[in-house]
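Trainee: I'd like to ask you about the structure that follows.
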Amino acid sequence: MTAPQTSKTAWFPVFEPEVDHALFLQGYRNLLATGVGQILLASLVALATHKRADSDSLTLWLVYLVLTGLGYFLQMAYFKDEVLKPGPNLSGVKRWYRHRRTLQIMSSVGWGCISFLMAPEASAHNIYIMTAFAGVVGYSAAGNSANDFPGFVVSALTILLFFIWRLPSVFGDEANALMVMCVFYVAALTLVLRNTHNALRESIRIRLTNEVLAHSNAQQAARAEQANRDKSEFLAAASHDLRQPVHALLLLIEAYRQQVPSAQQHPLMQHITQAGQAINSLFNALMELSRLESGSEKPVLTEFELTATLGDAWQHVLPEAQHRGLRLRSYVAPSLAHTVVRTDPLLLKRIVGNLLSNAMRYTARGGVLLSLRRAHTNGGLWLEVWDTGIGISDDDQKRIFDPYVQLANRERDRTQGLGLGLAIVKHASEMLALDVTLHSTKGRGTCFRIRVPAHLIIQTSATHGPGLPRQTQPVAAVPDKPWLKDRRVLLIDDDPLVQQAMQALLRGWQLDVRAASRGDAVLKECAPNWEPECVLCDYRLPGALNGIEVLDLLLQTYPKTIGVLLTGELAQTVQQAAEDAGYLLLSKPVNASVLAFTLGTLLERRNEERES
């Protein structure tokens, strides 16, 4: 559709396909009323004048107008298919005008001949007819203003000429005044109708122009949305291939730092390490935001222990809190220690994890509190993250959930994050239909509050809940685990670069490492006297088996082995499948300190289980 061009003002409008098509549709809708109105009005005139009018003339006149009135119904049937066509049809609209004006002229002849029903010296009778004449002309003006001004002019002139032709024989010398009055009446109606019709055409032009603009805006918005989806879907689909070299780079950096201790203090090595960590942070945040924006991730609603999920998020940020020297605390209302909710646990954990990370990033001293308590109004629960950080001004609170917004990092210091965490919180909370609000005082701290609606709460109890850790005191760093030495770890990854980097890092920790590239040949790497204590397995492997199936196979042979799944996949199904199978999942790129902490915790737990 193209916007109609505004025509210059003229006595008769210029034909415009789009505008005249809209007028055709309006005129078509008036056909029924026009036909019924003509038949009824002619019948009423005949009823009012039958005592004084010539019976033969009256009968002929009435029959003629009834027949032409039925012609409007025939026009409705004839143009029915034309109305159903989607767009303006030049030939169809012009054909409508020809048929419509022909029928109008035929009806006008009949209404103009109403003057032949007048009788000399019959005042009341003639008043009826004069009134009918005025009404017919006015009705014609009203009916045609919606579709055909030239048609009205032809119709009105026809009625006028036939009507005043008879007046001298009825009124004699007084007919001249009546004729002038009739001419002025028709001329006045014509002028008014011309202005009305021009205004109507202009309003149609404006409407059509707005429709064109709306359609264009909708197309542009759709193209922009599609481009954003294509970008997000590309990043999601290519995430595995993109993550592998980044994963290998970070592992090689850490392995080199361990093998060459003197290089750790070299400025160049420190810059390389910072660059690698920045790539890792940006990549993880960008991949997660792209996955949420693309719509490829859908909430998987399930019932779960809320405090257990919050505990996982709490433990995940624990190393960062210890590194920053912050006190990480938690509070759960006694009556909510055992709370079961129905929502997506993975998305909820991401929301809480990003809020906790954001709180620690902008808190220089003091601590962060994760709390769960009952909402004061409308039922439900309040899940809150409090900090003693820099706070957020009222003006800035409106835009902190936009991507790449960092209020206290205008110089874009990468150590302060990338400004994607709260954008992820926004998208994830919208997917779960959770309200996220904040209260902040500049210079004193901030509270982010997630309201869990009452209809998502399945059960609450004060007993049997796993609870949350109460608090952790700030420490400088996570100490090395002495039990990593000589512990047996089996690595399964088909990427040679990742495999070499991982082996270098693990052997730097003095682990006994063996590696395999295919899942279907992994048992060959395990000698009869070498049983792996932990298996680090990539999800995407060559052959018929994926990482979960390989771990299942290994655990059938070595039931005491701990399985850990590594993946660069963004698909939510992979995370859900790993959780259903009972395996810990680490997303690539894996931070070396996180990997060391994880291995130390899992292997120490295995020692404790053996001793008990």
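Ordering of the structure tokens sets the chain letters (A, B, ...); residue numbers start at 1 within each chain; ligands are numbered from 1 in the order shown.
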Mind the document's chain letters and residue numbers, and return as a list of chain:residue names the residues of stretch 413-464 of chain A that DSSP labels strand (DSSP E or B).

Mentor: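 Assigned to strand (DSSP E or B), within stretch 413-464 of chain A: A:Asp435, A:Val436, A:Thr437, A:Leu438, A:His439, A:Ser440, A:Thr441, A:Gly445, A:Thr446, A:Cys447, A:Phe448, A:Arg449, A:Ile450, A:Arg451, A:Val452, A:Ile457, A:Ile458, A:Gln459, A:Thr460, A:Ser461.
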
Trainee: What lies within 7 Å of stretch 177-191 of chain A using only C-alpha atoms, ignoring chain neighbours under 6 positions off, as a list in words?

Mentor: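 Close residues of stretch 177-191 of chain A: Val153, Ala156 and Ile164 of chain A.
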
Trainee: Here is a test: counting only C-alpha atoms, which residue of A:Thr446, A:Gln270, A:Thr59, A:Ser461 is nearest to A:Ala333?

Mentor: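 Using only C-alpha atoms, A:Ala333 sits closest to A:Ser461.
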
Trainee: With DSSP run on the backbone, what are the helix (DSSP H, G or I) residues within stretch 34-124 of chain A? I'd like them as a ChimeraX atom specification.

Mentor: /A:34-49,55-78,80-84,90-117,123-124

Trainee: Grab the atom CA of A:Leu32 to atom CA of A:Tyr78 distance for me, in Å with one decimal place.

Mentor: 13.1 Å

Trainee: Please determine, counting only C-alpha atoms, which residue among A:Ala22, A:Leu565, A:Leu60, A:Val425 has the shortest atom-to-atom distance to A:Leu208.

Mentor: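 Closest to A:Leu208 of all the choices is A:Ala22.
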
Trainee: List the neighbours of stretch 577-583 of chain A out to 7 Å using only C-alpha atoms; skip same-chain residues closer than 6 positions along the sequence, and give me the result as a count of residues only.

Mentor: 4

Trainee: For A:Val66, work out the shell of residues within 8 Å, counting only C-alpha atoms and skipping chain neighbours fewer than 5 positions away, then give it as a PDB file with all heavy atoms, in the first residue's frame.

Mentor:
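Dumped to result11.pdb:
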ATOM      1  N   GLN A  38     -36.166   4.883  -0.157  1.00  0.00           N
ATOM      2  CA  GLN A  38     -36.894   5.367  -1.332  1.00  0.00           C
ATOM      3  C   GLN A  38     -38.276   4.723  -1.421  1.00  0.00           C
ATOM      4  O   GLN A  38     -39.282   5.401  -1.680  1.00  0.00           O
ATOM      5  CB  GLN A  38     -36.092   5.074  -2.609  1.00  0.00           C
ATOM      6  CG  GLN A  38     -36.845   5.463  -3.879  1.00  0.00           C
ATOM      7  CD  GLN A  38     -35.952   5.534  -5.088  1.00  0.00           C
ATOM      8  OE1 GLN A  38     -34.894   6.147  -5.037  1.00  0.00           O
ATOM      9  NE2 GLN A  38     -36.369   4.927  -6.187  1.00  0.00           N
ATOM     10  N   ILE A  39     -38.362   3.432  -1.194  1.00  0.00           N
ATOM     11  CA  ILE A  39     -39.657   2.738  -1.298  1.00  0.00           C
ATOM     12  C   ILE A  39     -40.614   3.226  -0.216  1.00  0.00           C
ATOM     13  O   ILE A  39     -41.804   3.503  -0.474  1.00  0.00           O
ATOM     14  CB  ILE A  39     -39.438   1.223  -1.218  1.00  0.00           C
ATOM     15  CG1 ILE A  39     -38.661   0.736  -2.465  1.00  0.00           C
ATOM     16  CG2 ILE A  39     -40.767   0.488  -1.111  1.00  0.00           C
ATOM     17  CD1 ILE A  39     -38.245  -0.714  -2.395  1.00  0.00           C
ATOM     18  N   ALA A  42     -41.641   7.011  -0.878  1.00  0.00           N
ATOM     19  CA  ALA A  42     -42.595   7.090  -1.993  1.00  0.00           C
ATOM     20  C   ALA A  42     -43.971   6.587  -1.569  1.00  0.00           C
ATOM     21  O   ALA A  42     -45.024   7.159  -1.937  1.00  0.00           O
ATOM     22  CB  ALA A  42     -42.075   6.284  -3.178  1.00  0.00           C
TER      23      ALA A  42
END

Trainee: Compile the contact shell of A:Gly508 as an MDAnalysis selection string: residues with an atom at most 10 Å away, counting only C-alpha atoms, same-chain residues fewer than 6 positions apart removed.

Mentor: chainID A and resid 254:259 485 502

Trainee: May I ask for the distance between atom CA of A:Leu523 and atom CA of A:Ser593, given in Å to one decimal place?

Mentor: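 Atom CA of A:Ser593 lies at a distance of 28.9 Å from atom CA of A:Leu523.
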
Trainee: Give me, as a PyMOL selection string, all polymer residues having an atom no more than 10 Å from stretch 166-176 of chain A, counting only C-alpha atoms and skipping those fewer than 5 positions away in the same chain.

Mentor: chain A and resi 112-122+126+161+181-182

Trainee: For atom CA of A:Leu511 and atom CA of A:Leu249, determine how far apart the two atoms are, in Å to one decimal place.

Mentor: 20.3 Å

Trainee: Which neighbours of A:Asp486 fall inside 10 Å, counting only C-alpha atoms, when residues of the same chain fewer than 5 positions from it are skipped, and could you give them as a PDB file with all heavy atoms, in the first residue's frame?

Mentor:
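Saved file out-v6.pdb follows:
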ATOM      1  N   ARG A 507      47.513 -31.362  35.867  1.00  0.00           N
ATOM      2  CA  ARG A 507      48.795 -31.920  36.292  1.00  0.00           C
ATOM      3  C   ARG A 507      49.600 -30.892  37.082  1.00  0.00           C
ATOM      4  O   ARG A 507      50.418 -31.258  37.930  1.00  0.00           O
ATOM      5  CB  ARG A 507      49.566 -32.405  35.077  1.00  0.00           C
ATOM      6  CG  ARG A 507      49.004 -33.727  34.529  1.00  0.00           C
ATOM      7  CD  ARG A 507      49.602 -34.137  33.222  1.00  0.00           C
ATOM      8  NE  ARG A 507      49.013 -35.408  32.778  1.00  0.00           N
ATOM      9  CZ  ARG A 507      48.979 -35.846  31.530  1.00  0.00           C
ATOM     10  NH1 ARG A 507      49.522 -35.070  30.574  1.00  0.00           N
ATOM     11  NH2 ARG A 507      48.435 -36.996  31.226  1.00  0.00           N
ATOM     12  N   TRP A 509      48.282 -29.131  39.255  1.00  0.00           N
ATOM     13  CA  TRP A 509      47.747 -29.330  40.613  1.00  0.00           C
ATOM     14  C   TRP A 509      48.155 -30.685  41.183  1.00  0.00           C
ATOM     15  O   TRP A 509      47.651 -31.091  42.223  1.00  0.00           O
ATOM     16  CB  TRP A 509      46.218 -29.230  40.592  1.00  0.00           C
ATOM     17  CG  TRP A 509      45.712 -27.858  40.248  1.00  0.00           C
ATOM     18  CD1 TRP A 509      46.388 -26.696  40.353  1.00  0.00           C
ATOM     19  CD2 TRP A 509      44.425 -27.533  39.717  1.00  0.00           C
ATOM     20  NE1 TRP A 509      45.614 -25.647  39.946  1.00  0.00           N
ATOM     21  CE2 TRP A 509      44.394 -26.129  39.551  1.00  0.00           C
ATOM     22  CE3 TRP A 509      43.298 -28.260  39.378  1.00  0.00           C
ATOM     23  CZ2 TRP A 509      43.276 -25.454  39.053  1.00  0.00           C
ATOM     24  CZ3 TRP A 509      42.185 -27.602  38.888  1.00  0.00           C
ATOM     25  CH2 TRP A 509      42.178 -26.208  38.718  1.00  0.00           C
ATOM     26  N   GLN A 510      49.032 -31.405  40.465  1.00  0.00           N
ATOM     27  CA  GLN A 510      49.577 -32.706  40.876  1.00  0.00           C
ATOM     28  C   GLN A 510      48.505 -33.796  40.905  1.00  0.00           C
ATOM     29  O   GLN A 510      48.586 -34.749  41.674  1.00  0.00           O
ATOM     30  CB  GLN A 510      50.265 -32.600  42.250  1.00  0.00           C
ATOM     31  CG  GLN A 510      51.450 -31.638  42.242  1.00  0.00           C
ATOM     32  CD  GLN A 510      52.173 -31.580  43.571  1.00  0.00           C
ATOM     33  OE1 GLN A 510      51.627 -31.986  44.602  1.00  0.00           O
ATOM     34  NE2 GLN A 510      53.404 -31.085  43.558  1.00  0.00           N
ATOM     35  N   LEU A 511      47.532 -33.654  40.039  1.00  0.00           N
ATOM     36  CA  LEU A 511      46.527 -34.704  39.890  1.00  0.00           C
ATOM     37  C   LEU A 511      47.037 -35.776  38.933  1.00  0.00           C
ATOM     38  O   LEU A 511      47.837 -35.500  38.024  1.00  0.00           O
ATOM     39  CB  LEU A 511      45.223 -34.117  39.347  1.00  0.00           C
ATOM     40  CG  LEU A 511      44.400 -33.272  40.310  1.00  0.00           C
ATOM     41  CD1 LEU A 511      43.417 -32.405  39.536  1.00  0.00           C
ATOM     42  CD2 LEU A 511      43.652 -34.145  41.303  1.00  0.00           C
ATOM     43  N   ASP A 512      46.576 -37.005  39.136  1.00  0.00           N
ATOM     44  CA  ASP A 512      46.891 -38.114  38.232  1.00  0.00           C
ATOM     45  C   ASP A 512      45.820 -38.126  37.143  1.00  0.00           C
ATOM     46  O   ASP A 512      44.677 -38.517  37.389  1.00  0.00           O
ATOM     47  CB  ASP A 512      46.892 -39.429  39.011  1.00  0.00           C
ATOM     48  CG  ASP A 512      47.302 -40.614  38.133  1.00  0.00           C
ATOM     49  OD1 ASP A 512      47.617 -40.393  36.942  1.00  0.00           O
ATOM     50  OD2 ASP A 512      47.264 -41.751  38.640  1.00  0.00           O
ATOM     51  N   VAL A 513      46.191 -37.654  35.938  1.00  0.00           N
ATOM     52  CA  VAL A 513      45.208 -37.398  34.888  1.00  0.00           C
ATOM     53  C   VAL A 513      45.390 -38.370  33.731  1.00  0.00           C
ATOM     54  O   VAL A 513      46.532 -38.630  33.291  1.00  0.00           O
ATOM     55  CB  VAL A 513      45.323 -35.951  34.366  1.00  0.00           C
ATOM     56  CG1 VAL A 513      44.256 -35.670  33.309  1.00  0.00           C
ATOM     57  CG2 VAL A 513      45.212 -34.956  35.511  1.00  0.00           C
TER      58      VAL A 513
END

Trainee: For a quick check of understanding, using only C-alpha atoms, which of A:Gln315, A:Thr102, A:Thr363, A:Ser517 has the smallest distance to A:Thr598?

Mentor: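 Distance minimum relative to A:Thr598 lands on A:Gln315.
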